[in-house]
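The data block below is run.txt; it holds compact mmCIF, C-alpha atoms.
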```txt
# COMPACT_ATOMS: atom_id res chain seq x y z
CA MET A 68 -38.04 264.77 166.37
CA ALA A 69 -34.40 265.76 165.94
CA GLN A 70 -33.49 264.17 169.29
CA GLN A 71 -35.35 260.99 168.37
CA ALA A 72 -33.56 260.79 165.00
CA GLU A 73 -30.20 261.29 166.72
CA ALA A 74 -30.98 258.56 169.25
CA GLU A 75 -31.89 256.18 166.46
CA ARG A 76 -28.58 256.87 164.69
CA ARG A 77 -26.51 256.07 167.79
CA PRO A 78 -25.33 252.46 168.14
CA PRO A 79 -27.34 250.54 170.72
CA LEU A 80 -26.05 250.63 174.26
CA SER A 81 -24.19 247.51 175.38
CA ARG A 82 -21.96 246.61 178.30
CA ASP A 83 -18.88 246.74 176.08
CA ARG A 84 -19.82 250.18 174.73
CA VAL A 85 -20.48 251.49 178.24
CA LEU A 86 -17.13 250.23 179.55
CA ARG A 87 -15.10 251.49 176.61
CA ALA A 88 -16.78 254.89 176.84
CA ALA A 89 -15.98 254.98 180.57
CA VAL A 90 -12.31 254.22 179.87
CA ALA A 91 -12.12 256.95 177.23
CA LEU A 92 -13.85 259.43 179.51
CA ALA A 93 -11.56 258.64 182.46
CA ASP A 94 -8.58 259.14 180.13
CA ASP A 95 -10.02 262.53 179.19
CA ILE A 96 -11.32 263.98 182.47
CA GLY A 97 -9.65 261.81 185.11
CA ILE A 98 -11.02 259.00 187.24
CA GLU A 99 -12.05 261.36 190.05
CA ALA A 100 -14.43 263.25 187.74
CA LEU A 101 -15.96 260.08 186.30
CA SER A 102 -19.47 259.36 187.54
CA MET A 103 -22.48 257.46 186.28
CA ARG A 104 -24.07 260.82 185.48
CA SER A 105 -21.08 262.15 183.52
CA LEU A 106 -20.80 258.86 181.64
CA ALA A 107 -24.49 258.90 180.76
CA LYS A 108 -24.16 262.45 179.49
CA ASP A 109 -21.17 261.46 177.37
CA LEU A 110 -23.12 258.57 175.86
CA GLY A 111 -26.23 260.71 175.33
CA VAL A 112 -28.47 258.57 177.53
CA VAL A 113 -30.19 258.93 180.88
CA PRO A 114 -28.22 257.56 183.86
CA MET A 115 -30.78 254.80 184.49
CA ALA A 116 -29.94 253.33 181.06
CA LEU A 117 -26.45 252.48 182.31
CA TYR A 118 -27.76 250.30 185.14
CA LYS A 119 -29.01 247.74 182.65
CA HIS A 120 -25.35 247.00 181.88
CA VAL A 121 -23.47 247.80 185.11
CA SER A 122 -25.16 247.53 188.50
CA ASN A 123 -23.16 250.27 190.22
CA LYS A 124 -19.98 252.35 190.13
CA GLU A 125 -17.89 249.52 191.59
CA GLN A 126 -18.96 247.15 188.83
CA LEU A 127 -18.18 249.87 186.31
CA LEU A 128 -14.65 250.23 187.69
CA ASP A 129 -14.13 246.45 187.61
CA GLY A 130 -15.19 246.42 183.98
CA MET A 131 -12.92 249.33 183.12
CA VAL A 132 -9.95 247.43 184.55
CA ASP A 133 -10.95 244.46 182.40
CA VAL A 134 -10.94 246.67 179.28
CA VAL A 135 -7.39 247.80 180.08
CA MET A 136 -6.34 244.20 180.77
CA GLY A 137 -7.69 243.32 177.34
CA GLU A 138 -4.99 245.52 175.79
CA ILE A 139 -2.23 243.22 177.10
CA ASP A 140 -0.63 241.10 174.39
CA PRO A 141 -1.41 237.38 174.60
CA PRO A 142 1.44 235.03 175.59
CA ALA A 143 4.01 234.72 172.83
CA PRO A 144 3.90 231.18 171.39
CA GLY A 145 7.07 229.12 171.44
CA SER A 146 8.99 231.39 173.83
CA ASN A 147 11.00 230.15 176.78
CA TRP A 148 9.58 231.03 180.17
CA LYS A 149 11.85 234.05 180.75
CA SER A 150 11.11 235.69 177.39
CA ALA A 151 7.41 234.90 177.73
CA VAL A 152 7.14 236.40 181.24
CA ARG A 153 9.16 239.47 180.27
CA HIS A 154 7.03 240.10 177.17
CA ARG A 155 3.78 239.66 179.09
CA ILE A 156 4.77 241.97 181.94
CA LEU A 157 6.12 244.72 179.68
CA SER A 158 2.93 244.52 177.62
CA ALA A 159 0.91 244.93 180.84
CA ARG A 160 3.04 247.95 181.69
CA ARG A 161 2.30 249.54 178.31
CA ALA A 162 -1.42 248.96 178.81
CA PHE A 163 -1.50 250.57 182.26
CA LEU A 164 0.76 253.47 181.27
CA GLY A 165 -1.73 254.18 178.48
CA HIS A 166 -4.40 254.81 181.12
CA PRO A 167 -2.75 256.64 184.05
CA TRP A 168 -5.74 256.12 186.36
CA ALA A 169 -5.94 252.34 185.82
CA ALA A 170 -3.21 251.22 188.23
CA ARG A 171 -4.87 253.02 191.15
CA VAL A 172 -8.25 251.55 190.27
CA LEU A 173 -6.79 248.03 190.02
CA GLN A 174 -5.10 248.38 193.40
CA SER A 175 -8.33 249.66 194.96
CA ARG A 176 -10.29 246.53 194.06
CA SER A 177 -11.20 244.24 196.96
CA SER A 178 -10.90 241.12 194.81
CA PRO A 179 -9.61 240.37 191.30
CA THR A 180 -12.04 239.98 188.42
CA PRO A 181 -12.02 236.80 186.32
CA VAL A 182 -10.08 238.71 183.63
CA VAL A 183 -7.38 239.68 186.14
CA LEU A 184 -7.30 236.11 187.50
CA THR A 185 -6.88 234.76 183.97
CA TYR A 186 -3.85 237.02 183.45
CA MET A 187 -2.34 235.98 186.80
CA ASP A 188 -2.98 232.33 185.96
CA SER A 189 -1.15 232.71 182.64
CA VAL A 190 1.92 234.24 184.31
CA ILE A 191 2.00 231.56 187.00
CA GLY A 192 1.62 228.94 184.26
CA MET A 193 4.68 230.30 182.44
CA PHE A 194 6.83 229.59 185.48
CA ARG A 195 5.27 226.18 186.14
CA ASN A 196 5.63 225.13 182.50
CA GLY A 197 9.20 226.43 182.61
CA GLY A 198 10.09 223.84 185.23
CA PHE A 199 9.58 225.89 188.40
CA SER A 200 8.39 224.01 191.47
CA ILE A 201 5.16 225.14 193.08
CA ASP A 202 7.22 226.22 196.11
CA LEU A 203 9.57 228.44 194.08
CA THR A 204 6.67 229.78 191.99
CA HIS A 205 4.90 230.82 195.18
CA HIS A 206 7.89 232.90 196.28
CA VAL A 207 8.43 234.25 192.77
CA MET A 208 4.90 235.67 192.84
CA HIS A 209 5.61 237.39 196.15
CA ALA A 210 8.85 238.83 194.77
CA LEU A 211 7.14 240.18 191.66
CA GLY A 212 4.16 241.63 193.52
CA SER A 213 2.50 244.43 191.55
CA ARG A 214 5.41 244.32 189.10
CA MET A 215 3.60 241.35 187.55
CA MET A 216 1.11 243.93 186.24
CA GLY A 217 3.86 246.30 185.13
CA ILE A 218 3.15 248.51 188.15
CA THR A 219 5.70 249.84 190.62
CA GLN A 220 5.51 252.43 193.35
CA GLU A 221 8.44 254.59 194.34
CA LEU A 222 9.14 255.32 197.98
CA PHE A 223 8.40 259.01 197.36
CA ASP A 224 6.01 259.40 194.45
CA ALA A 225 5.61 262.69 192.66
CA PRO A 226 2.61 264.65 193.98
CA PRO A 227 -0.48 264.77 191.78
CA GLY A 228 -0.80 267.64 189.38
CA PRO A 229 0.45 268.73 185.97
CA GLY A 230 4.11 269.03 185.12
CA PRO A 231 7.22 267.51 186.63
CA ARG A 232 8.03 267.73 190.30
CA ALA A 233 10.01 270.81 191.20
CA GLN A 234 13.62 270.10 192.16
CA THR A 235 15.42 271.95 194.91
CA ALA A 236 19.06 272.73 194.30
CA PRO A 237 21.33 270.92 196.78
CA SER A 238 22.87 273.09 199.43
CA GLN A 239 26.21 272.82 201.20
CA ARG A 240 24.35 271.69 204.30
CA ASP A 241 22.67 268.87 202.37
CA ALA A 242 25.99 267.75 200.98
CA GLY A 243 27.48 267.71 204.46
CA GLU A 244 24.62 265.85 206.16
CA TYR A 245 23.71 263.39 203.40
CA PRO A 246 26.91 262.92 201.39
CA TYR A 247 25.95 259.69 199.62
CA VAL A 248 22.44 260.86 198.73
CA MET A 249 23.84 264.06 197.28
CA GLU A 250 26.65 262.24 195.47
CA LEU A 251 24.14 259.95 193.77
CA ALA A 252 21.70 262.78 193.02
CA GLY A 253 24.43 264.77 191.30
CA ALA A 254 25.83 261.85 189.33
CA VAL A 255 22.86 261.15 187.07
CA VAL A 256 21.04 263.16 184.43
CA HIS A 257 17.35 262.78 185.13
CA ASP A 258 14.27 262.47 182.98
CA THR A 259 11.95 265.35 183.95
CA GLU A 260 8.89 263.09 183.63
CA SER A 261 10.19 260.43 186.01
CA VAL A 262 8.13 259.62 189.10
CA ALA A 263 11.38 258.75 190.85
CA GLY A 264 12.61 262.31 190.46
CA GLN A 265 14.40 264.17 187.72
CA GLY A 266 17.10 261.97 186.29
CA CYS A 267 15.53 258.52 186.34
CA ASP A 268 14.23 256.84 183.21
CA ASP A 269 11.20 254.98 184.59
CA GLN A 270 11.02 252.44 181.79
CA PHE A 271 14.72 251.65 182.01
CA GLU A 272 14.55 251.32 185.79
CA PHE A 273 11.53 249.02 185.52
CA GLU A 274 13.21 246.74 182.98
CA PHE A 275 16.47 246.79 184.93
CA ALA A 276 14.75 245.54 188.08
CA LEU A 277 12.59 243.05 186.17
CA ASP A 278 15.64 241.52 184.47
CA LEU A 279 17.44 241.23 187.81
CA LEU A 280 14.46 239.38 189.23
CA LEU A 281 14.12 237.06 186.25
CA ASP A 282 17.83 236.25 186.30
CA GLY A 283 17.60 235.51 190.01
CA PHE A 284 14.56 233.30 189.53
CA GLU A 285 16.39 231.40 186.79
CA ARG A 286 19.41 230.80 189.02
CA LEU A 287 17.25 229.48 191.86
CA GLN A 288 15.29 227.23 189.49
CA GLN A 289 18.51 225.76 188.07
CA GLN A 290 19.79 225.13 191.59
CA GLY A 291 16.60 223.30 192.55
CA TRP A 292 16.01 225.83 195.34
CA SER A 293 13.39 225.12 198.00
CA SER A 294 12.12 227.31 200.82
CA VAL A 295 12.44 224.37 203.23
CA GLY A 296 15.17 225.26 205.69
CA HIS A 297 15.05 228.95 204.74
CA ARG A 298 11.97 229.85 206.72
CA ARG A 299 12.29 231.03 210.29
CA SER A 300 9.56 230.80 212.87
CA LYS A 301 7.77 233.92 214.00
CA THR A 302 9.13 233.32 217.49
CA HIS A 303 12.68 233.28 216.15
CA ASP A 304 12.03 236.38 214.09
CA PHE A 305 10.17 238.53 216.56
CA GLY A 306 9.72 236.82 219.92
CA ASN A 307 13.05 237.89 221.36
CA ALA A 308 13.52 240.95 219.21
CA ASP A 309 15.10 243.93 220.92
CA TYR A 310 13.38 247.13 219.74
```
If you took the structure in this file and wrote it as C-alpha cells, what would it be?
Amino acid sequence: MAQQAEAERRPPLSRDRVLRAAVALADDIGIEALSMRSLAKDLGVVPMALYKHVSNKEQLLDGMVDVVMGEIDPPAPGSNWKSAVRHRILSARRAFLGHPWAARVLQSRSSPTPVVLTYMDSVIGMFRNGGFSIDLTHHVMHALGSRMMGITQELFDAPPGPGPRAQTAPSQRDAGEYPYVMELAGAVVHDTESVAGQGCDDQFEFEFALDLLLDGFERLQQQGWSSVGHRRSKTHDFGNADY
C-alpha cells in the first residue's frame, strides 16, 4: 500500500521527464555509469516503463543532447552577425561545460538530431543574413568545426580522473632539447583546471581563438572573397608529393 501511494504521488512519466532525469543522473554519476536500469531505479519505475518513451539507449543519448542544446540562449534580436554568432557560440559553450559528458556524447552521434540541425541552421543563417556568400559560409563552417558548439579539443588532453594533471618540473635537458617549448611553458602562469595544462585559461583561450576567426571571416566577407582560384586539385596537392 505504501509503495502504491508513493507511485501515485510521483508525477507521471513522460519523455521530457525521462530525458531530464537522465541528464541529471549523468551529471551525478557520469555517462559511463548511466544505463536504462540505473535510470529506471532513479525514477522509481521498472526499466520496461522507460521504453514507452525512448526506444533504446541510443535514442536516450540523442534526447539528452537535445536537453543540453535547449539550454543555449536563443539568437539575440537586432544584433549584427558577429555579435549574434559570438553570443550563440559562447552560450553553447556554457551549456556544454555545465554537463561535462555532453560534448563526448554529441561527438559520438552518427547523425545530428533535428534540435542540433536547428541550431546549426541558425548559425549558418546568421552568416548568410550578414551578407556572407554561400561559398564563404561553407568555408566558415569548416573553419569553425566543433567550435560552433563551443567545443574544442587540445592536442594533448588531460587524462580522465579527478584533479588537475600533474606537472613535471622542467629539467636542464628539457631546456636544452626543446628551448622554445620550455621558454613558453615558463613564461605563463597557468590555471590548474585547464585542459591545456597548468597556466592556460580555457575560457580566455576559447574566446581569443573565436574572436580571431570572426575577425578573419569579417575581413574576407568585406573583400568579397571567393574560393574560386584558391582550390588546388588533388593531383597538384598529392600526386607528385615527395614523402
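Checking A:Tyr118, A:Tyr245, A:Phe271, A:Tyr186 one by one against Gly137 (chain A), counting all atoms listed in the file, you find the shortest gap at A:Tyr186.
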CA of Ala100 (chain A) to CA of Ser178 (chain A) measures 23.5 Å
Within 9 Å of Lys124 (chain A), counting only C-alpha atoms, which residues qualify if same-chain residues fewer than 4 places away don't, as a PyMOL selection string?
-> chain A and resi 102-103+128-129
Next, the residues of the selection above should be written as a compact mmCIF listing (two decimals), in the frame of the given file with C-alpha atoms.
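That gives us part.txt:
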```
# COMPACT_ATOMS: atom_id res chain seq x y z
CA SER A 102 -19.47 259.36 187.54
CA MET A 103 -22.48 257.46 186.28
CA LEU A 128 -14.65 250.23 187.69
CA ASP A 129 -14.13 246.45 187.61
```
With distances taken over all atoms listed in the file, the candidate from A:Val113, A:Val182, A:Ala93, A:Ala162 nearest Leu80 (chain A) is A:Val113
Among listed residues A:Arg195, A:Ile156, A:Thr185, A:Met249, nearest Ser213 (chain A) (using all atoms listed in the file) |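 Closest to Ser213 (chain A) of all the choices is A:Ile156.
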What does the distance from CA of Phe194 (chain A) to CA of Arg153 (chain A) come to in Å, to one decimal?
-> 11.4 Å
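Between CA of Arg171 (chain A) and CA of Ile218 (chain A) the interatomic distance comes to 9.7 Å.
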